[in-house]
$ cat input.txt   # compact mmCIF, C-alpha atoms
# COMPACT_ATOMS: atom_id res chain seq x y z
CA MET A 26 37.21 -169.10 48.42
CA LEU A 27 34.14 -167.18 49.44
CA SER A 28 31.96 -169.41 47.29
CA ILE A 29 33.32 -172.54 48.98
CA MET A 30 32.47 -171.09 52.38
CA LEU A 31 28.91 -170.34 51.27
CA VAL A 32 28.44 -173.88 49.99
CA LEU A 33 29.72 -175.41 53.22
CA CYS A 34 27.50 -173.21 55.38
CA SER A 35 24.41 -174.05 53.34
CA CYS A 36 25.16 -177.79 53.60
CA ALA A 37 25.69 -177.61 57.33
CA SER A 38 22.32 -175.97 57.92
CA GLY A 39 20.58 -178.69 55.91
CA VAL A 40 21.63 -181.43 58.37
CA SER A 41 19.21 -181.63 61.25
CA GLN A 42 19.39 -183.75 64.34
CA LYS A 43 16.33 -185.83 65.01
CA SER A 44 15.60 -187.01 68.49
CA ASN A 45 13.93 -190.34 68.89
CA SER A 46 11.36 -190.25 71.66
CA LYS A 47 11.18 -194.06 71.71
CA GLU A 48 14.77 -194.35 72.98
CA SER A 49 14.16 -192.26 76.10
CA SER A 50 11.05 -194.19 77.12
CA TYR A 51 12.48 -197.70 76.66
CA SER A 52 11.67 -200.20 79.39
CA GLU A 53 11.79 -203.97 79.61
CA ASP A 54 11.22 -206.35 82.51
CA LEU A 55 14.40 -208.42 83.01
CA SER A 56 13.49 -209.88 86.40
CA SER A 57 12.99 -213.35 84.95
CA TYR A 58 16.70 -213.45 83.95
CA ARG A 59 18.11 -212.35 87.31
CA PRO A 60 19.64 -215.08 89.49
CA LYS A 61 17.61 -216.03 92.51
CA VAL A 62 19.50 -216.15 95.83
CA GLU A 63 18.04 -217.97 98.77
CA LYS A 64 18.67 -216.73 102.28
CA ASP A 65 21.05 -218.80 104.41
CA THR A 66 19.04 -220.37 107.20
CA ALA A 67 21.99 -222.05 108.94
CA THR A 68 21.80 -221.93 112.71
CA VAL A 69 24.29 -222.31 115.50
CA GLU A 70 23.87 -225.50 117.49
CA PRO A 71 25.43 -226.12 120.93
CA VAL A 72 27.94 -228.95 121.07
CA ALA A 73 29.62 -230.48 124.13
CA THR A 74 33.42 -230.39 124.02
CA ALA A 75 35.86 -232.76 125.70
CA ASP A 76 37.76 -230.04 127.57
CA ASN A 77 34.67 -228.21 128.80
CA SER A 78 31.53 -229.86 130.15
CA LYS A 79 29.31 -226.91 129.22
CA ASN A 80 27.63 -226.74 125.87
CA GLN A 81 29.19 -224.02 123.76
CA PRO A 82 27.85 -222.77 120.44
CA ILE A 83 30.04 -223.35 117.43
CA ALA A 84 30.03 -221.41 114.20
CA THR A 85 28.50 -222.86 111.07
CA THR A 86 30.75 -223.88 108.22
CA LYS A 87 29.91 -220.72 106.27
CA ASP A 88 30.51 -218.31 109.17
CA VAL A 89 34.21 -217.51 109.54
CA THR A 90 33.95 -214.32 111.58
CA VAL A 91 34.47 -215.99 114.96
CA ALA A 92 37.61 -217.82 113.86
CA LEU A 93 38.88 -214.74 112.06
CA ASP A 94 38.33 -212.54 115.13
CA ARG A 95 40.27 -215.01 117.29
CA LYS A 96 43.14 -215.13 114.82
CA LEU A 97 43.31 -211.33 114.46
CA ALA A 98 43.26 -210.87 118.23
CA ALA A 99 46.18 -213.32 118.60
CA ILE A 100 48.17 -211.49 115.94
CA ALA A 101 47.47 -208.08 117.48
CA GLN A 102 48.46 -209.33 120.93
CA ASN A 103 51.80 -210.73 119.77
CA ALA A 104 52.79 -208.07 117.24
CA PRO A 105 54.51 -204.94 118.49
CA ALA A 106 52.70 -201.70 117.81
CA THR A 107 54.66 -199.25 115.69
CA ALA A 108 54.43 -195.52 115.04
CA LYS A 109 56.35 -192.82 113.23
CA GLY A 110 59.26 -191.59 115.32
CA TYR A 111 63.02 -191.14 115.33
CA ARG A 112 66.14 -193.23 115.84
CA VAL A 113 69.84 -192.42 115.89
CA SER A 114 71.70 -193.98 112.96
CA ILE A 115 75.25 -194.85 114.02
CA TYR A 116 76.43 -197.11 111.16
CA SER A 117 75.64 -197.72 107.51
CA GLY A 118 77.82 -200.08 105.50
CA THR A 119 78.04 -203.38 103.67
CA SER A 120 79.75 -205.42 106.41
CA ARG A 121 77.47 -207.56 108.58
CA ASP A 122 80.30 -208.35 111.00
CA GLU A 123 81.12 -204.68 111.54
CA ALA A 124 77.42 -203.90 112.06
CA SER A 125 77.21 -206.62 114.74
CA ILE A 126 80.29 -205.28 116.54
CA ILE A 127 78.93 -201.73 116.50
CA LYS A 128 75.56 -202.97 117.76
CA LYS A 129 77.22 -204.64 120.79
CA GLN A 130 79.21 -201.46 121.53
CA ALA A 131 76.08 -199.31 121.31
CA GLU A 132 74.12 -201.62 123.65
CA LEU A 133 76.87 -201.28 126.28
CA ILE A 134 77.09 -197.50 125.93
CA SER A 135 73.46 -196.43 125.56
CA GLY A 136 71.49 -199.05 127.46
CA VAL A 137 68.57 -198.73 125.01
CA GLN A 138 67.37 -201.00 122.23
CA VAL A 139 69.68 -201.23 119.19
CA TYR A 140 68.46 -202.45 115.80
CA ILE A 141 70.22 -203.78 112.71
CA GLN A 142 68.29 -203.21 109.51
CA PHE A 143 69.27 -204.58 106.13
CA LYS A 144 68.33 -202.69 102.99
CA THR A 145 70.19 -204.00 99.98
CA PRO A 146 73.22 -203.66 99.94
CA ASN A 147 73.70 -201.88 103.28
CA PHE A 148 73.40 -202.83 106.93
CA ARG A 149 72.22 -199.99 109.15
CA VAL A 150 72.60 -199.86 112.92
CA LYS A 151 70.01 -197.63 114.61
CA VAL A 152 69.60 -196.86 118.30
CA GLY A 153 66.51 -196.04 120.36
CA ASP A 154 62.82 -195.47 119.92
CA ALA A 155 62.22 -191.73 120.28
CA ILE A 156 58.71 -190.39 119.88
CA ASN A 157 59.88 -186.86 119.08
CA ARG A 158 63.03 -185.26 117.75
CA LEU A 159 63.92 -183.78 121.15
CA GLU A 160 64.31 -187.25 122.69
CA ALA A 161 66.33 -188.38 119.67
CA ASN A 162 68.66 -185.37 119.99
CA TYR A 163 69.24 -186.17 123.67
CA LEU A 164 70.22 -189.73 122.72
CA LEU A 165 72.39 -188.36 119.90
CA GLY A 166 74.28 -186.23 122.45
CA GLN A 167 75.05 -189.36 124.50
CA LEU A 168 76.28 -191.32 121.46
CA LYS A 169 78.12 -188.57 119.51
CA SER A 170 81.41 -188.93 121.42
CA ASP A 171 81.66 -192.67 120.68
CA PHE A 172 80.06 -192.56 117.22
CA PRO A 173 81.00 -189.26 115.53
CA ALA A 174 79.05 -190.06 112.34
CA ALA A 175 75.77 -190.54 114.26
CA VAL A 176 72.71 -188.68 112.99
CA VAL A 177 69.00 -188.56 113.85
CA VAL A 178 66.77 -190.23 111.24
CA PRO A 179 62.99 -190.65 110.99
CA ASP A 180 61.91 -194.28 111.31
CA ASP A 181 59.07 -196.55 112.41
CA ILE A 182 59.53 -197.14 116.14
CA VAL A 183 58.21 -199.80 118.49
CA ILE A 184 55.85 -198.26 121.07
CA ASN A 185 54.85 -201.28 123.16
CA GLN A 186 57.97 -203.34 123.46
CA LYS A 187 57.53 -206.53 125.51
CA PRO A 188 60.34 -207.77 127.77
$ encode --input "input.txt" --output "structure tokens"
Amino acid sequence: MLSIMLVLCSCASGVSQKSNSKESSYSEDLSSYRPKVEKDTATVEPVATADNSKNQPIATTKDVTVALDRKLAAIAQNAPATAKGYRVSIYSGTSRDEASIIKKQAELISGVQVYIQFKTPNFRVKVGDAINRLEANYLLGQLKSDFPAAVVVPDDIVINQKP
């Protein structure tokens, strides 16, 4: 066993690693193979429109930022802003009709916004848009006598509701 170890050690010391200095100093000019990109020289030209007598600049066919900004502004204006908050859950079940009845009852009792959410297979009826748990607990106190199974749950709430 000792002789095998000596043979292996002697063989291992005989192998030497050679470093090739040519590999580390390799360089080649590949600029002739790179694609050439020309700068876009498109300009904005004023055009008269039928609804406005003034000349207004229009975007070139390649520039979509103006149209995109208009579209995003319209979406942001119409979409309600949401945030993390709390609601009072007063019903969770599989019956859509029962959820609708409970929603109407809750609207009459609470006077705040009531939501029906569907997450397969259950319908959930949630009340209010409370920013903190203290507001949600106050609403829970108002609803607990009529809905004994009501509980405060974290949810995404609407913070700029439009009439």
$ atom_distance --input "input.txt" --atom1 "atom CA of A:Ala104" --atom2 "atom CA of A:Gly153"
18.5 Å
$ closest_residue --input "input.txt" --among "A:Ser120, A:Gln142, A:Thr90, A:Ser114" --to "A:Lys169" --atoms "only C-alpha atoms"
A:Ser114
$ atom_distance --input "input.txt" --atom1 "atom CA of A:Ile184" --atom2 "atom CA of A:Ala106"
5.7 Å
$ residues_around --input "input.txt" --residues "A:Ala131" --least-positions-apart "3" --cutoff "12 Å" --atoms "all atoms listed in the file" --output "PyMOL selection string"
chain A and resi 113-116+124-128+134-141+150-153+164-165+167-172+175
$ closest_residue --input "input.txt" --among "A:Ser52, A:Gln130, A:Asn147, A:Asn157" --to "A:Tyr111" --atoms "only C-alpha atoms"
A:Asn157
$ residues_around --input "input.txt" --residues "A:Asp180" --least-positions-apart "4" --cutoff "9 Å" --atoms "only C-alpha atoms" --output "PDB file with C-alpha atoms, in the coordinates of the input"
ATOM      1  CA  ALA A 108      54.430-195.520 115.040  1.00  0.00           C
ATOM      2  CA  LYS A 109      56.350-192.820 113.230  1.00  0.00           C
ATOM      3  CA  GLY A 110      59.260-191.590 115.320  1.00  0.00           C
ATOM      4  CA  TYR A 111      63.020-191.140 115.330  1.00  0.00           C
ATOM      5  CA  ARG A 112      66.140-193.230 115.840  1.00  0.00           C
ATOM      6  CA  ASP A 154      62.820-195.470 119.920  1.00  0.00           C
TER       7      ASP A 154
END
$ closest_residue --input "input.txt" --among "A:Val32, A:Ile156, A:Val91, A:Leu27" --to "A:Asp181" --atoms "all atoms listed in the file"
A:Ile156
$ atom_distance --input "input.txt" --atom1 "atom CA of A:Lys129" --atom2 "atom CA of A:Leu159"
24.7 Å
$ closest_residue --input "input.txt" --among "A:Lys144, A:Leu133, A:Ala155, A:Leu93" --to "A:Gly118" --atoms "only C-alpha atoms"
A:Lys144
$ closest_residue --input "input.txt" --among "A:Pro146, A:Thr107, A:Ser117, A:Asn162" --to "A:Ile182" --atoms "all atoms listed in the file"
A:Thr107
$ decode --input "input.txt" --residues "stretch 137-148 of chain A" --atoms "all heavy atoms" --output "PDB file, in the first residue's frame"
ATOM      1  N   VAL A 137     -71.381  52.900   3.772  1.00  0.00           N
ATOM      2  CA  VAL A 137     -70.080  52.976   3.097  1.00  0.00           C
ATOM      3  C   VAL A 137     -70.082  52.003   1.925  1.00  0.00           C
ATOM      4  O   VAL A 137     -71.004  51.208   1.755  1.00  0.00           O
ATOM      5  CB  VAL A 137     -68.908  52.659   4.062  1.00  0.00           C
ATOM      6  CG1 VAL A 137     -68.814  53.692   5.153  1.00  0.00           C
ATOM      7  CG2 VAL A 137     -69.034  51.281   4.647  1.00  0.00           C
ATOM      8  N   GLN A 138     -69.040  52.048   1.138  1.00  0.00           N
ATOM      9  CA  GLN A 138     -68.929  51.210  -0.051  1.00  0.00           C
ATOM     10  C   GLN A 138     -68.836  49.734   0.325  1.00  0.00           C
ATOM     11  O   GLN A 138     -68.102  49.359   1.231  1.00  0.00           O
ATOM     12  CB  GLN A 138     -67.702  51.621  -0.863  1.00  0.00           C
ATOM     13  CG  GLN A 138     -67.555  50.933  -2.186  1.00  0.00           C
ATOM     14  CD  GLN A 138     -68.621  51.345  -3.182  1.00  0.00           C
ATOM     15  OE1 GLN A 138     -69.027  52.487  -3.220  1.00  0.00           O
ATOM     16  NE2 GLN A 138     -69.081  50.396  -3.972  1.00  0.00           N
ATOM     17  N   VAL A 139     -69.596  48.894  -0.390  1.00  0.00           N
ATOM     18  CA  VAL A 139     -69.595  47.448  -0.160  1.00  0.00           C
ATOM     19  C   VAL A 139     -69.158  46.772  -1.460  1.00  0.00           C
ATOM     20  O   VAL A 139     -69.609  47.143  -2.540  1.00  0.00           O
ATOM     21  CB  VAL A 139     -70.999  46.952   0.263  1.00  0.00           C
ATOM     22  CG1 VAL A 139     -70.977  45.455   0.516  1.00  0.00           C
ATOM     23  CG2 VAL A 139     -71.487  47.694   1.497  1.00  0.00           C
ATOM     24  N   TYR A 140     -68.284  45.791  -1.350  1.00  0.00           N
ATOM     25  CA  TYR A 140     -67.715  45.118  -2.514  1.00  0.00           C
ATOM     26  C   TYR A 140     -68.030  43.635  -2.485  1.00  0.00           C
ATOM     27  O   TYR A 140     -68.016  43.015  -1.423  1.00  0.00           O
ATOM     28  CB  TYR A 140     -66.191  45.275  -2.536  1.00  0.00           C
ATOM     29  CG  TYR A 140     -65.716  46.705  -2.500  1.00  0.00           C
ATOM     30  CD1 TYR A 140     -65.437  47.327  -1.291  1.00  0.00           C
ATOM     31  CD2 TYR A 140     -65.547  47.423  -3.667  1.00  0.00           C
ATOM     32  CE1 TYR A 140     -64.994  48.636  -1.249  1.00  0.00           C
ATOM     33  CE2 TYR A 140     -65.106  48.737  -3.638  1.00  0.00           C
ATOM     34  CZ  TYR A 140     -64.833  49.331  -2.423  1.00  0.00           C
ATOM     35  OH  TYR A 140     -64.397  50.633  -2.394  1.00  0.00           O
ATOM     36  N   ILE A 141     -68.309  43.076  -3.662  1.00  0.00           N
ATOM     37  CA  ILE A 141     -68.398  41.623  -3.816  1.00  0.00           C
ATOM     38  C   ILE A 141     -67.187  41.195  -4.634  1.00  0.00           C
ATOM     39  O   ILE A 141     -66.960  41.688  -5.729  1.00  0.00           O
ATOM     40  CB  ILE A 141     -69.695  41.193  -4.531  1.00  0.00           C
ATOM     41  CG1 ILE A 141     -70.923  41.506  -3.681  1.00  0.00           C
ATOM     42  CG2 ILE A 141     -69.648  39.703  -4.843  1.00  0.00           C
ATOM     43  CD1 ILE A 141     -72.238  41.102  -4.326  1.00  0.00           C
ATOM     44  N   GLN A 142     -66.426  40.276  -4.081  1.00  0.00           N
ATOM     45  CA  GLN A 142     -65.257  39.736  -4.773  1.00  0.00           C
ATOM     46  C   GLN A 142     -65.469  38.244  -4.996  1.00  0.00           C
ATOM     47  O   GLN A 142     -65.982  37.551  -4.123  1.00  0.00           O
ATOM     48  CB  GLN A 142     -63.985  39.953  -3.952  1.00  0.00           C
ATOM     49  CG  GLN A 142     -63.636  41.407  -3.751  1.00  0.00           C
ATOM     50  CD  GLN A 142     -62.432  41.572  -2.837  1.00  0.00           C
ATOM     51  OE1 GLN A 142     -62.069  40.684  -2.082  1.00  0.00           O
ATOM     52  NE2 GLN A 142     -61.825  42.740  -2.900  1.00  0.00           N
ATOM     53  N   PHE A 143     -65.081  37.775  -6.155  1.00  0.00           N
ATOM     54  CA  PHE A 143     -65.209  36.357  -6.470  1.00  0.00           C
ATOM     55  C   PHE A 143     -63.830  35.747  -6.613  1.00  0.00           C
ATOM     56  O   PHE A 143     -63.032  36.164  -7.453  1.00  0.00           O
ATOM     57  CB  PHE A 143     -65.994  36.149  -7.759  1.00  0.00           C
ATOM     58  CG  PHE A 143     -66.114  34.704  -8.147  1.00  0.00           C
ATOM     59  CD1 PHE A 143     -66.917  33.845  -7.422  1.00  0.00           C
ATOM     60  CD2 PHE A 143     -65.427  34.200  -9.233  1.00  0.00           C
ATOM     61  CE1 PHE A 143     -67.033  32.508  -7.770  1.00  0.00           C
ATOM     62  CE2 PHE A 143     -65.534  32.872  -9.590  1.00  0.00           C
ATOM     63  CZ  PHE A 143     -66.347  32.021  -8.858  1.00  0.00           C
ATOM     64  N   LYS A 144     -63.528  34.797  -5.753  1.00  0.00           N
ATOM     65  CA  LYS A 144     -62.317  33.993  -5.867  1.00  0.00           C
ATOM     66  C   LYS A 144     -62.781  32.550  -5.823  1.00  0.00           C
ATOM     67  O   LYS A 144     -63.359  32.111  -4.837  1.00  0.00           O
ATOM     68  CB  LYS A 144     -61.344  34.282  -4.722  1.00  0.00           C
ATOM     69  CG  LYS A 144     -60.712  35.637  -4.815  1.00  0.00           C
ATOM     70  CD  LYS A 144     -59.680  35.825  -3.742  1.00  0.00           C
ATOM     71  CE  LYS A 144     -59.098  37.209  -3.815  1.00  0.00           C
ATOM     72  NZ  LYS A 144     -58.160  37.479  -2.737  1.00  0.00           N
ATOM     73  N   THR A 145     -62.566  31.852  -6.904  1.00  0.00           N
ATOM     74  CA  THR A 145     -63.107  30.516  -7.095  1.00  0.00           C
ATOM     75  C   THR A 145     -62.935  29.663  -5.852  1.00  0.00           C
ATOM     76  O   THR A 145     -61.826  29.575  -5.346  1.00  0.00           O
ATOM     77  CB  THR A 145     -62.413  29.839  -8.292  1.00  0.00           C
ATOM     78  OG1 THR A 145     -62.525  30.679  -9.411  1.00  0.00           O
ATOM     79  CG2 THR A 145     -63.015  28.508  -8.619  1.00  0.00           C
ATOM     80  N   PRO A 146     -63.941  29.042  -5.335  1.00  0.00           N
ATOM     81  CA  PRO A 146     -65.353  29.001  -5.713  1.00  0.00           C
ATOM     82  C   PRO A 146     -66.219  29.919  -4.856  1.00  0.00           C
ATOM     83  O   PRO A 146     -67.431  29.790  -4.855  1.00  0.00           O
ATOM     84  CB  PRO A 146     -65.710  27.540  -5.442  1.00  0.00           C
ATOM     85  CG  PRO A 146     -64.927  27.205  -4.207  1.00  0.00           C
ATOM     86  CD  PRO A 146     -63.637  27.993  -4.342  1.00  0.00           C
ATOM     87  N   ASN A 147     -65.624  30.839  -4.109  1.00  0.00           N
ATOM     88  CA  ASN A 147     -66.378  31.616  -3.124  1.00  0.00           C
ATOM     89  C   ASN A 147     -66.627  33.058  -3.546  1.00  0.00           C
ATOM     90  O   ASN A 147     -65.780  33.694  -4.195  1.00  0.00           O
ATOM     91  CB  ASN A 147     -65.644  31.625  -1.783  1.00  0.00           C
ATOM     92  CG  ASN A 147     -65.590  30.269  -1.145  1.00  0.00           C
ATOM     93  OD1 ASN A 147     -66.535  29.506  -1.240  1.00  0.00           O
ATOM     94  ND2 ASN A 147     -64.478  29.950  -0.509  1.00  0.00           N
ATOM     95  N   PHE A 148     -67.771  33.568  -3.116  1.00  0.00           N
ATOM     96  CA  PHE A 148     -68.085  34.988  -3.207  1.00  0.00           C
ATOM     97  C   PHE A 148     -67.809  35.583  -1.836  1.00  0.00           C
ATOM     98  O   PHE A 148     -68.203  35.009  -0.815  1.00  0.00           O
ATOM     99  CB  PHE A 148     -69.563  35.196  -3.573  1.00  0.00           C
ATOM    100  CG  PHE A 148     -69.876  34.823  -4.982  1.00  0.00           C
ATOM    101  CD1 PHE A 148     -70.308  33.548  -5.297  1.00  0.00           C
ATOM    102  CD2 PHE A 148     -69.733  35.749  -6.008  1.00  0.00           C
ATOM    103  CE1 PHE A 148     -70.592  33.195  -6.600  1.00  0.00           C
ATOM    104  CE2 PHE A 148     -70.014  35.407  -7.315  1.00  0.00           C
ATOM    105  CZ  PHE A 148     -70.444  34.131  -7.609  1.00  0.00           C
TER     106      PHE A 148
END
